[in-house]
>>> print(open('input.txt').read())   # compact mmCIF, C-alpha atoms
# COMPACT_ATOMS: atom_id res chain seq x y z
CA MET J 1 -17.28 5.02 -7.21
CA ARG J 2 -14.99 6.38 -4.49
CA ARG J 3 -12.17 8.81 -5.30
CA ARG J 4 -9.37 6.21 -4.88
CA GLU J 5 -11.26 3.69 -7.01
CA LEU J 6 -11.76 6.36 -9.69
CA LEU J 7 -8.02 7.06 -9.71
CA ASP J 8 -7.30 3.34 -10.07
CA TRP J 9 -9.78 3.15 -12.95
CA LEU J 10 -8.13 6.10 -14.72
CA VAL J 11 -4.70 4.47 -14.32
CA LEU J 12 -6.00 1.31 -15.98
CA VAL J 13 -7.49 3.25 -18.87
CA THR J 14 -4.33 5.33 -19.34
CA CYS J 15 -2.17 2.20 -19.42
CA GLY J 16 -4.47 0.48 -21.91
CA LEU J 17 -5.46 -2.30 -19.50
CA SER J 18 -8.83 -4.04 -19.42
CA VAL J 19 -11.20 -2.26 -17.09
CA PRO J 20 -13.18 -4.54 -14.76
CA VAL J 21 -16.85 -4.00 -14.04
CA LEU J 22 -17.27 -2.47 -10.60
CA ALA J 23 -20.12 -2.95 -8.18
CA ALA J 24 -21.51 0.10 -6.37
CA ASP J 25 -19.15 -0.48 -3.45
CA ALA J 26 -16.41 -2.89 -2.53
CA PRO J 27 -17.70 -5.53 -0.09
CA ALA J 28 -17.13 -4.91 3.60
CA LEU J 29 -14.75 -7.75 4.42
CA MET J 30 -13.14 -9.10 7.54
CA LEU J 31 -9.34 -8.83 7.19
CA ALA J 32 -6.55 -10.71 8.91
CA ASN J 33 -3.65 -9.64 11.06
CA VAL J 34 -0.43 -11.67 11.28
CA TYR J 35 -0.08 -14.39 13.93
CA ARG J 36 2.50 -13.89 16.66
CA PRO J 37 3.46 -16.47 19.31
CA GLY J 38 1.59 -15.96 22.56
CA VAL J 39 -1.90 -15.91 21.07
CA PRO J 40 -4.26 -18.08 23.19
CA LEU J 41 -4.75 -20.78 20.59
CA HIS J 42 -7.50 -22.55 22.53
CA ASP J 43 -9.74 -19.60 21.56
CA TYR J 44 -9.25 -20.17 17.83
CA TRP J 45 -10.30 -22.45 15.00
CA LEU J 46 -7.67 -23.46 12.45
CA SER J 47 -8.04 -23.85 8.68
CA GLU J 48 -5.85 -23.87 5.58
CA LYS J 49 -5.11 -20.56 3.86
CA TYR J 50 -6.03 -21.21 0.25
CA ASP J 51 -3.89 -19.75 -2.50
CA GLY J 52 -6.72 -18.43 -4.63
CA LEU J 53 -8.73 -15.25 -5.11
CA ARG J 54 -11.06 -13.83 -2.48
CA GLY J 55 -14.66 -14.13 -3.61
CA PHE J 56 -17.67 -12.48 -1.99
CA TRP J 57 -21.21 -13.58 -2.86
CA ASP J 58 -23.49 -10.67 -1.90
CA GLY J 59 -26.66 -12.64 -2.45
CA GLN J 60 -26.98 -11.66 -6.11
CA GLN J 61 -23.52 -11.54 -7.68
CA LEU J 62 -19.97 -12.73 -7.13
CA LEU J 63 -17.45 -9.97 -6.39
CA THR J 64 -13.71 -9.64 -5.87
CA ARG J 65 -12.53 -8.06 -2.65
CA GLY J 66 -12.09 -4.80 -4.55
CA GLY J 67 -15.72 -4.78 -5.69
CA GLU J 68 -15.22 -6.00 -9.26
CA VAL J 69 -17.99 -8.22 -10.63
CA ILE J 70 -16.62 -11.68 -11.44
CA ALA J 71 -17.83 -13.00 -14.78
CA ALA J 72 -18.55 -16.56 -13.64
CA PRO J 73 -20.67 -18.83 -15.85
CA GLY J 74 -24.36 -18.78 -15.03
CA TRP J 75 -24.36 -22.41 -13.90
CA PHE J 76 -21.59 -21.72 -11.37
CA THR J 77 -23.77 -19.44 -9.20
CA ALA J 78 -27.19 -20.81 -10.17
CA GLY J 79 -29.31 -21.53 -7.10
CA TRP J 80 -26.96 -19.80 -4.69
CA PRO J 81 -28.72 -18.38 -1.62
CA ALA J 82 -29.67 -14.76 -0.90
CA GLU J 83 -27.40 -14.99 2.15
CA PRO J 84 -23.89 -13.53 1.60
CA MET J 85 -20.96 -15.95 1.54
CA ASP J 86 -17.28 -15.09 1.99
CA GLY J 87 -14.76 -17.47 0.49
CA GLU J 88 -11.91 -18.24 -1.86
CA LEU J 89 -12.05 -19.13 -5.55
CA TRP J 90 -9.50 -21.92 -5.64
CA ILE J 91 -8.28 -24.54 -8.10
CA GLY J 92 -5.71 -26.33 -5.97
CA ARG J 93 -2.41 -25.95 -4.15
CA GLY J 94 0.20 -24.18 -6.22
CA LYS J 95 -2.30 -23.23 -8.95
CA PHE J 96 -2.84 -19.56 -8.20
CA GLU J 97 -1.91 -18.44 -11.72
CA ALA J 98 -4.48 -20.80 -13.24
CA ALA J 99 -7.14 -19.51 -10.87
CA LEU J 100 -6.18 -15.93 -11.69
CA ALA J 101 -6.36 -16.50 -15.44
CA THR J 102 -9.79 -18.12 -15.11
CA VAL J 103 -11.40 -15.58 -12.80
CA ARG J 104 -10.09 -12.46 -14.57
CA ARG J 105 -11.54 -13.34 -17.96
CA GLN J 106 -14.51 -11.15 -18.84
CA THR J 107 -15.80 -13.97 -21.07
CA PRO J 108 -15.87 -17.08 -18.88
CA MET J 109 -14.60 -20.40 -20.18
CA ASP J 110 -16.67 -23.31 -18.97
CA ASP J 111 -13.84 -25.86 -19.11
CA ALA J 112 -11.64 -23.67 -16.92
CA TRP J 113 -14.41 -22.89 -14.43
CA ARG J 114 -15.15 -26.61 -14.01
CA ARG J 115 -11.87 -26.76 -12.06
CA VAL J 116 -12.76 -23.88 -9.71
CA ARG J 117 -14.10 -24.44 -6.22
CA PHE J 118 -15.66 -21.78 -4.03
CA MET J 119 -14.26 -22.50 -0.58
CA VAL J 120 -16.69 -20.82 1.83
CA PHE J 121 -15.13 -19.82 5.14
CA ASP J 122 -17.70 -17.41 6.59
CA LEU J 123 -21.23 -16.02 6.46
CA PRO J 124 -20.92 -12.23 6.90
CA ALA J 125 -24.61 -11.55 7.55
CA HIS J 126 -25.06 -14.32 10.11
CA PRO J 127 -25.63 -12.81 13.60
CA GLY J 128 -23.85 -15.54 15.54
CA ARG J 129 -20.28 -16.01 16.70
CA PHE J 130 -17.81 -17.82 14.48
CA THR J 131 -18.28 -21.21 16.15
CA ASP J 132 -22.00 -20.93 15.37
CA ARG J 133 -21.26 -19.70 11.85
CA ILE J 134 -19.17 -22.80 11.15
CA GLN J 135 -22.21 -25.01 11.67
CA ALA J 136 -24.47 -22.65 9.72
CA CYS J 137 -21.99 -22.57 6.84
CA GLN J 138 -21.74 -26.36 6.69
CA ALA J 139 -25.53 -26.66 6.71
CA LEU J 140 -25.91 -24.04 3.97
CA VAL J 141 -23.37 -25.76 1.73
CA ARG J 142 -25.01 -29.15 2.26
CA GLN J 143 -28.40 -27.68 1.37
CA LEU J 144 -26.99 -25.94 -1.71
CA HIS J 145 -25.65 -29.29 -2.91
CA ARG J 146 -23.18 -27.96 -5.47
CA PRO J 147 -19.91 -29.97 -5.52
CA TRP J 148 -17.91 -26.87 -6.50
CA VAL J 149 -19.11 -25.03 -3.36
CA GLN J 150 -17.41 -26.37 -0.24
CA ALA J 151 -17.28 -25.35 3.40
CA VAL J 152 -13.69 -24.83 4.57
CA PRO J 153 -12.77 -27.53 7.14
CA GLN J 154 -12.09 -26.14 10.61
CA GLU J 155 -10.09 -27.81 13.37
CA ARG J 156 -8.55 -27.03 16.75
CA VAL J 157 -4.88 -26.72 17.66
CA ALA J 158 -3.55 -26.90 21.22
CA SER J 159 -0.13 -25.24 21.15
CA HIS J 160 2.33 -23.14 19.15
CA THR J 161 4.43 -26.25 18.57
CA GLU J 162 1.45 -28.10 17.17
CA LEU J 163 0.54 -25.08 15.04
CA MET J 164 4.03 -24.89 13.54
CA ALA J 165 4.02 -28.62 12.82
CA ARG J 166 0.68 -28.22 11.03
CA LEU J 167 2.05 -25.24 9.08
CA ASP J 168 5.10 -27.23 8.02
CA GLN J 169 2.87 -30.09 6.87
CA VAL J 170 0.67 -27.83 4.75
CA VAL J 171 3.57 -25.90 3.20
CA LYS J 172 5.46 -29.10 2.32
CA ALA J 173 2.31 -30.33 0.59
CA GLY J 174 2.25 -27.17 -1.55
CA GLY J 175 -0.13 -25.06 0.54
CA GLU J 176 0.27 -21.37 1.27
CA GLY J 177 -0.30 -21.30 5.02
CA LEU J 178 -2.95 -21.38 7.74
CA MET J 179 -5.70 -19.18 9.16
CA LEU J 180 -6.79 -18.77 12.78
CA HIS J 181 -10.31 -17.53 13.54
CA ARG J 182 -11.44 -16.65 17.05
CA GLY J 183 -14.39 -18.84 17.95
CA ASP J 184 -16.35 -16.26 19.95
CA SER J 185 -15.95 -13.44 17.41
CA PHE J 186 -18.67 -11.79 15.36
CA TYR J 187 -18.10 -10.92 11.71
CA ARG J 188 -16.58 -7.43 11.76
CA ALA J 189 -15.61 -5.76 8.49
CA GLU J 190 -12.20 -4.56 9.64
CA ARG J 191 -8.67 -5.80 10.23
CA ASN J 192 -8.33 -7.26 13.72
CA ASP J 193 -6.96 -10.17 15.75
CA ASP J 194 -10.18 -12.17 15.42
CA LEU J 195 -8.67 -13.41 12.16
CA LEU J 196 -4.95 -14.23 11.88
CA LYS J 197 -2.84 -15.56 9.02
CA VAL J 198 -0.03 -17.99 9.78
CA LYS J 199 2.68 -18.20 7.13
CA THR J 200 6.38 -18.90 6.82
CA HIS J 201 6.84 -15.29 5.70
CA GLU J 202 4.98 -11.97 5.76
CA ASP J 203 3.42 -10.55 2.63
CA ALA J 204 1.64 -7.37 1.60
CA GLU J 205 0.48 -5.46 -1.49
CA ALA J 206 1.81 -2.38 -3.23
CA ARG J 207 0.90 -0.48 -6.39
CA VAL J 208 3.39 -0.09 -9.23
CA LEU J 209 4.35 3.55 -9.78
CA GLN J 210 7.29 3.26 -12.17
CA HIS J 211 9.60 0.85 -13.99
CA LEU J 212 13.23 1.50 -13.06
CA PRO J 213 15.82 0.55 -15.73
CA GLY J 214 18.17 -2.35 -15.11
CA GLN J 215 21.94 -2.40 -15.18
CA GLY J 216 24.53 -5.08 -15.91
CA ARG J 217 22.84 -8.31 -16.97
CA HIS J 218 19.46 -6.55 -16.74
CA ALA J 219 20.45 -3.65 -18.99
CA GLY J 220 17.71 -2.87 -21.50
CA ARG J 221 14.91 -4.24 -19.35
CA MET J 222 13.27 -3.63 -16.00
CA GLY J 223 15.68 -3.63 -13.07
CA ALA J 224 13.22 -2.80 -10.30
CA LEU J 225 9.74 -1.47 -9.64
CA LEU J 226 9.04 1.69 -7.71
CA VAL J 227 6.00 0.75 -5.64
CA GLU J 228 3.79 2.28 -2.97
CA THR J 229 1.97 0.45 -0.18
CA GLN J 230 -1.53 1.28 1.02
CA GLU J 231 0.09 3.19 3.89
CA GLY J 232 1.93 5.44 1.42
CA VAL J 233 5.38 3.87 1.87
CA ARG J 234 7.42 3.94 -1.36
CA PHE J 235 10.37 1.66 -2.07
CA ARG J 236 12.23 -0.20 -4.81
CA LEU J 237 11.16 -3.80 -5.41
CA GLY J 238 13.99 -5.41 -7.33
CA THR J 239 14.21 -9.12 -6.48
CA GLY J 240 12.04 -12.16 -7.08
CA PHE J 241 11.46 -11.56 -10.81
CA THR J 242 12.07 -14.08 -13.57
CA ASP J 243 13.79 -12.95 -16.77
CA ALA J 244 10.44 -13.10 -18.54
CA GLN J 245 8.86 -10.85 -15.91
CA ARG J 246 11.69 -8.35 -16.31
CA GLU J 247 11.03 -8.30 -20.05
CA ARG J 248 7.30 -7.76 -19.49
CA PRO J 249 6.98 -6.30 -15.98
CA PRO J 250 3.72 -5.60 -14.14
CA ALA J 251 2.07 -2.52 -15.61
CA VAL J 252 2.06 0.85 -13.92
CA GLY J 253 -1.10 0.99 -11.83
CA GLU J 254 -1.25 -2.74 -11.15
CA TRP J 255 -1.04 -4.11 -7.60
CA VAL J 256 1.60 -6.68 -6.74
CA THR J 257 2.11 -8.95 -3.76
CA PHE J 258 5.57 -9.07 -2.19
CA ARG J 259 7.22 -11.06 0.60
CA PHE J 260 9.30 -9.41 3.30
CA ARG J 261 10.85 -9.88 6.75
CA GLY J 262 9.71 -7.07 8.99
CA VAL J 263 10.16 -3.34 8.39
CA ASN J 264 12.88 -0.82 9.21
CA GLU J 265 12.41 2.32 11.31
CA SER J 266 10.97 4.27 8.39
CA GLY J 267 8.42 1.55 7.64
CA VAL J 268 10.13 0.20 4.51
CA PRO J 269 9.81 -3.60 4.19
CA ARG J 270 13.08 -5.47 4.74
CA PHE J 271 14.27 -8.04 2.16
CA ALA J 272 11.22 -7.41 -0.02
CA SER J 273 10.81 -9.85 -2.90
CA PHE J 274 8.21 -9.89 -5.69
CA LEU J 275 5.70 -12.72 -5.44
CA ARG J 276 3.01 -12.10 -8.06
CA VAL J 277 0.61 -9.63 -9.63
CA ARG J 278 -2.63 -9.29 -7.70
CA ALA J 279 -5.90 -9.95 -9.48
CA ASP J 280 -7.50 -6.85 -7.96
CA ALA J 281 -6.67 -3.90 -5.77
CA PRO J 282 -6.70 -4.66 -2.03
CA PRO J 283 -9.54 -3.27 0.09
CA ARG J 284 -9.04 0.18 1.51
>>> encode(input="input.txt", output="structure tokens")
Amino acid sequence: MRRRELLDWLVLVTCGLSVPVLAADAPALMLANVYRPGVPLHDYWLSEKYDGLRGFWDGQQLLTRGGEVIAAPGWFTAGWPAEPMDGELWIGRGKFEAALATVRRQTPMDDAWRRVRFMVFDLPAHPGRFTDRIQACQALVRQLHRPWVQAVPQERVASHTELMARLDQVVKAGGEGLMLHRGDSFYRAERNDDLLKVKTHEDAEARVLQHLPGQGRHAGRMGALLVETQEGVRFRLGTGFTDAQRERPPAVGEWVTFRFRGVNESGVPRFASFLRVRADAPPR
């Protein structure tokens, strides 16, 4: 266990939270940058960005992006190949909380897992470029023949205007956004422009450091969270919470996802708004 992971584990224990089972190392994942107009879209494949939880099949077990072992029922992963698969554990558009509740349980519930689909979008160990990996992924999923394991559909888009129209269509239907994947790219376990997320807003993760007391109508409950991003930027996150969330705020040590609109000169996110608690810590 690496030093930062050990610190996270100690925070969970101190706060009385359930401690997930960790694999030896977090999986080496490909991470996305944010799309900006001007990208040569003819080089990319387009797919939906599913609002679920990242799942990594290492050939033997199913892991979160932070390296936690997911307690899926035996039947869910029975017969899965030795080849690693990268994907999203997804129930449906607008059902992130249901997916989170299902996947985080250390004792899996069959009825809940019957709703989960593993949407496979890449094969990390495959030596080919992404266009080749699309075909290999589709063939692998067909051969596996498990209805809850699906290859993510990929399509082409010709222009920024067409991309924005497609984004608007997906968001209006309850989707989270889109992903662009460079067709001639190899699978590289790093954040780069080979993989781009396309959303109506930017989002990021931060760890809760402290509950700040509320004032006025929020007196006696949480007014804001003091949080810290992976880059070490600390700021107050005070909007986007329901009354119930202010009564029972995310625990110290938990990671939260927030929306924002760019950053100021000191790197603090502008107009940051709470979105949800993350199921696991983001990769480092």
>>> residues_around(input="input.txt", residues="Val39 of chain J", least_positions_apart="5", cutoff="12 Å", atoms="all atoms listed in the file", output="list in words")
Asn33, Val34, Tyr44, Val157, Ala158, Ser159, His160, Leu163, Leu180, His181, Arg182, Asp193, Asp194, Leu195, Leu196 and Val198 of chain J
>>> atom_distance(input="input.txt", atom1="atom CA of Ile91 of chain J", atom2="atom CA of Val116 of chain J")
4.8 Å
>>> closest_residue(input="input.txt", among="J:Ser273, J:Thr229, J:Tyr35, J:Gly55", to="Thr242 of chain J", atoms="all atoms listed in the file")
J:Ser273
>>> atom_distance(input="input.txt", atom1="atom CA of Gly238 of chain J", atom2="atom CA of Val263 of chain J")
16.3 Å
>>> residues_around(input="input.txt", residues="Trp113 of chain J", least_positions_apart="5", cutoff="8 Å", atoms="only C-alpha atoms", output="list in words")
Ala72, Pro73, Phe76, Thr102 and Pro108 of chain J
>>> atom_distance(input="input.txt", atom1="atom CA of Leu225 of chain J", atom2="atom CA of Gly52 of chain J")
24.2 Å
>>> residues_around(input="input.txt", residues="Asp243 of chain J", least_positions_apart="2", cutoff="12 Å", atoms="only C-alpha atoms", output="number ranges by chain")
J: 214, 217-223, 239-241, 245-249
>>> closest_residue(input="input.txt", among="J:Lys172, J:His201, J:Leu29, J:Met85", to="Ala151 of chain J", atoms="only C-alpha atoms")
J:Met85
>>> axis_aligned_box(input="input.txt", around="segment 90-109 of chain J", padding_each_side="4 Å", output="AutoDock Vina command-line options")
--center_x -7.8 --center_y -18.7 --center_z -12.6 --size_x 24.1 --size_y 23.2 --size_z 24.9
>>> residues_around(input="input.txt", residues="Trp255 of chain J", least_positions_apart="6", cutoff="7 Å", atoms="only C-alpha atoms", output="list in words")
Glu205, Ala206, Arg207, Val208, Val277, Arg278 and Ala281 of chain J
>>> residues_around(input="input.txt", residues="Glu176 of chain J", least_positions_apart="5", cutoff="9 Å", atoms="all atoms listed in the file", output="compact mmCIF listing (two decimals) with C-alpha atoms, in the frame of the given file")
# COMPACT_ATOMS: atom_id res chain seq x y z
CA GLU J 48 -5.85 -23.87 5.58
CA LYS J 49 -5.11 -20.56 3.86
CA TYR J 50 -6.03 -21.21 0.25
CA ASP J 51 -3.89 -19.75 -2.50
CA ARG J 93 -2.41 -25.95 -4.15
CA GLY J 94 0.20 -24.18 -6.22
CA LEU J 167 2.05 -25.24 9.08
CA VAL J 170 0.67 -27.83 4.75
CA VAL J 171 3.57 -25.90 3.20
CA LYS J 199 2.68 -18.20 7.13
CA THR J 200 6.38 -18.90 6.82
>>> closest_residue(input="input.txt", among="J:Leu63, J:Val149, J:Ala272, J:Ala165", to="Pro81 of chain J", atoms="all atoms listed in the file")
J:Val149
>>> closest_residue(input="input.txt", among="J:Thr77, J:Pro127, J:Gly175, J:His211", to="Arg146 of chain J", atoms="all atoms listed in the file")
J:Thr77
>>> residues_near_point(input="input.txt", point="(-16.0, -22.1, -17.2)", cutoff="12 Å", atoms="only C-alpha atoms", output="NGL selection string")
:J and (70-77 or 99 or 101-117 or 148)
>>> closest_residue(input="input.txt", among="J:Leu62, J:Leu89, J:Leu100, J:Val152", to="Met179 of chain J", atoms="all atoms listed in the file")
J:Val152
>>> build_atoms(input="input.txt", residues="segment 117-141 of chain J", atoms="N, CA, C and O atoms", output="mmCIF file, in the coordinates of the input")
data_model
loop_
_atom_site.group_PDB
_atom_site.id
_atom_site.type_symbol
_atom_site.label_atom_id
_atom_site.label_comp_id
_atom_site.auth_asym_id
_atom_site.auth_seq_id
_atom_site.Cartn_x
_atom_site.Cartn_y
_atom_site.Cartn_z
ATOM 1 N N ARG J 117 -13.250 -24.196 -7.379
ATOM 2 C CA ARG J 117 -14.100 -24.440 -6.220
ATOM 3 C C ARG J 117 -14.243 -23.150 -5.421
ATOM 4 O O ARG J 117 -13.278 -22.395 -5.293
ATOM 5 N N PHE J 118 -15.437 -22.919 -4.916
ATOM 6 C CA PHE J 118 -15.660 -21.780 -4.030
ATOM 7 C C PHE J 118 -15.601 -22.301 -2.606
ATOM 8 O O PHE J 118 -16.513 -22.971 -2.138
ATOM 9 N N MET J 119 -14.492 -22.001 -1.926
ATOM 10 C CA MET J 119 -14.260 -22.500 -0.580
ATOM 11 C C MET J 119 -14.824 -21.475 0.407
ATOM 12 O O MET J 119 -14.228 -20.421 0.650
ATOM 13 N N VAL J 120 -15.981 -21.774 0.966
ATOM 14 C CA VAL J 120 -16.690 -20.820 1.830
ATOM 15 C C VAL J 120 -16.142 -20.925 3.252
ATOM 16 O O VAL J 120 -16.142 -21.999 3.857
ATOM 17 N N PHE J 121 -15.658 -19.791 3.776
ATOM 18 C CA PHE J 121 -15.130 -19.820 5.140
ATOM 19 C C PHE J 121 -15.907 -18.946 6.114
ATOM 20 O O PHE J 121 -15.632 -18.975 7.314
ATOM 21 N N ASP J 122 -16.917 -18.201 5.638
ATOM 22 C CA ASP J 122 -17.700 -17.410 6.590
ATOM 23 C C ASP J 122 -19.006 -16.947 5.963
ATOM 24 O O ASP J 122 -19.163 -16.927 4.730
ATOM 25 N N LEU J 123 -19.933 -16.563 6.849
ATOM 26 C CA LEU J 123 -21.230 -16.020 6.460
ATOM 27 C C LEU J 123 -21.344 -14.626 7.077
ATOM 28 O O LEU J 123 -21.744 -14.490 8.240
ATOM 29 N N PRO J 124 -21.011 -13.585 6.325
ATOM 30 C CA PRO J 124 -20.920 -12.230 6.900
ATOM 31 C C PRO J 124 -22.193 -11.701 7.525
ATOM 32 O O PRO J 124 -22.125 -10.898 8.473
ATOM 33 N N ALA J 125 -23.350 -12.097 7.024
ATOM 34 C CA ALA J 125 -24.610 -11.550 7.550
ATOM 35 C C ALA J 125 -25.175 -12.363 8.711
ATOM 36 O O ALA J 125 -26.162 -11.942 9.332
ATOM 37 N N HIS J 126 -24.557 -13.485 9.021
ATOM 38 C CA HIS J 126 -25.060 -14.320 10.110
ATOM 39 C C HIS J 126 -24.797 -13.611 11.445
ATOM 40 O O HIS J 126 -23.697 -13.107 11.681
ATOM 41 N N PRO J 127 -25.778 -13.563 12.349
ATOM 42 C CA PRO J 127 -25.630 -12.810 13.600
ATOM 43 C C PRO J 127 -24.817 -13.511 14.675
ATOM 44 O O PRO J 127 -24.479 -12.910 15.704
ATOM 45 N N GLY J 128 -24.493 -14.778 14.480
ATOM 46 C CA GLY J 128 -23.850 -15.540 15.540
ATOM 47 C C GLY J 128 -22.338 -15.371 15.576
ATOM 48 O O GLY J 128 -21.720 -14.724 14.730
ATOM 49 N N ARG J 129 -21.739 -15.990 16.580
ATOM 50 C CA ARG J 129 -20.280 -16.010 16.700
ATOM 51 C C ARG J 129 -19.711 -17.028 15.720
ATOM 52 O O ARG J 129 -20.448 -17.847 15.161
ATOM 53 N N PHE J 130 -18.398 -17.004 15.528
ATOM 54 C CA PHE J 130 -17.810 -17.820 14.480
ATOM 55 C C PHE J 130 -18.076 -19.309 14.678
ATOM 56 O O PHE J 130 -18.335 -20.030 13.716
ATOM 57 N N THR J 131 -18.006 -19.789 15.904
ATOM 58 C CA THR J 131 -18.280 -21.210 16.150
ATOM 59 C C THR J 131 -19.672 -21.581 15.663
ATOM 60 O O THR J 131 -19.875 -22.661 15.081
ATOM 61 N N ASP J 132 -20.639 -20.700 15.868
ATOM 62 C CA ASP J 132 -22.000 -20.930 15.370
ATOM 63 C C ASP J 132 -22.041 -20.820 13.845
ATOM 64 O O ASP J 132 -22.772 -21.566 13.172
ATOM 65 N N ARG J 133 -21.254 -19.905 13.308
ATOM 66 C CA ARG J 133 -21.260 -19.700 11.850
ATOM 67 C C ARG J 133 -20.651 -20.900 11.123
ATOM 68 O O ARG J 133 -21.011 -21.169 9.974
ATOM 69 N N ILE J 134 -19.732 -21.596 11.768
ATOM 70 C CA ILE J 134 -19.170 -22.800 11.150
ATOM 71 C C ILE J 134 -20.287 -23.800 10.850
ATOM 72 O O ILE J 134 -20.408 -24.325 9.735
ATOM 73 N N GLN J 135 -21.113 -24.057 11.844
ATOM 74 C CA GLN J 135 -22.210 -25.010 11.670
ATOM 75 C C GLN J 135 -23.211 -24.524 10.633
ATOM 76 O O GLN J 135 -23.705 -25.294 9.806
ATOM 77 N N ALA J 136 -23.520 -23.216 10.676
ATOM 78 C CA ALA J 136 -24.470 -22.650 9.720
ATOM 79 C C ALA J 136 -23.922 -22.738 8.294
ATOM 80 O O ALA J 136 -24.654 -23.016 7.339
ATOM 81 N N CYS J 137 -22.625 -22.503 8.150
ATOM 82 C CA CYS J 137 -21.990 -22.570 6.840
ATOM 83 C C CYS J 137 -22.024 -23.999 6.287
ATOM 84 O O CYS J 137 -22.356 -24.218 5.115
ATOM 85 N N GLN J 138 -21.710 -24.964 7.130
ATOM 86 C CA GLN J 138 -21.740 -26.360 6.690
ATOM 87 C C GLN J 138 -23.144 -26.772 6.270
ATOM 88 O O GLN J 138 -23.327 -27.459 5.258
ATOM 89 N N ALA J 139 -24.142 -26.320 7.041
ATOM 90 C CA ALA J 139 -25.530 -26.660 6.710
ATOM 91 C C ALA J 139 -25.962 -26.007 5.397
ATOM 92 O O ALA J 139 -26.642 -26.628 4.569
ATOM 93 N N LEU J 140 -25.553 -24.751 5.192
ATOM 94 C CA LEU J 140 -25.910 -24.040 3.970
ATOM 95 C C LEU J 140 -25.303 -24.716 2.748
ATOM 96 O O LEU J 140 -25.975 -24.902 1.723
ATOM 97 N N VAL J 141 -24.049 -25.113 2.848
ATOM 98 C CA VAL J 141 -23.370 -25.760 1.730
ATOM 99 C C VAL J 141 -23.994 -27.120 1.426
ATOM 100 O O VAL J 141 -24.178 -27.492 0.262
#
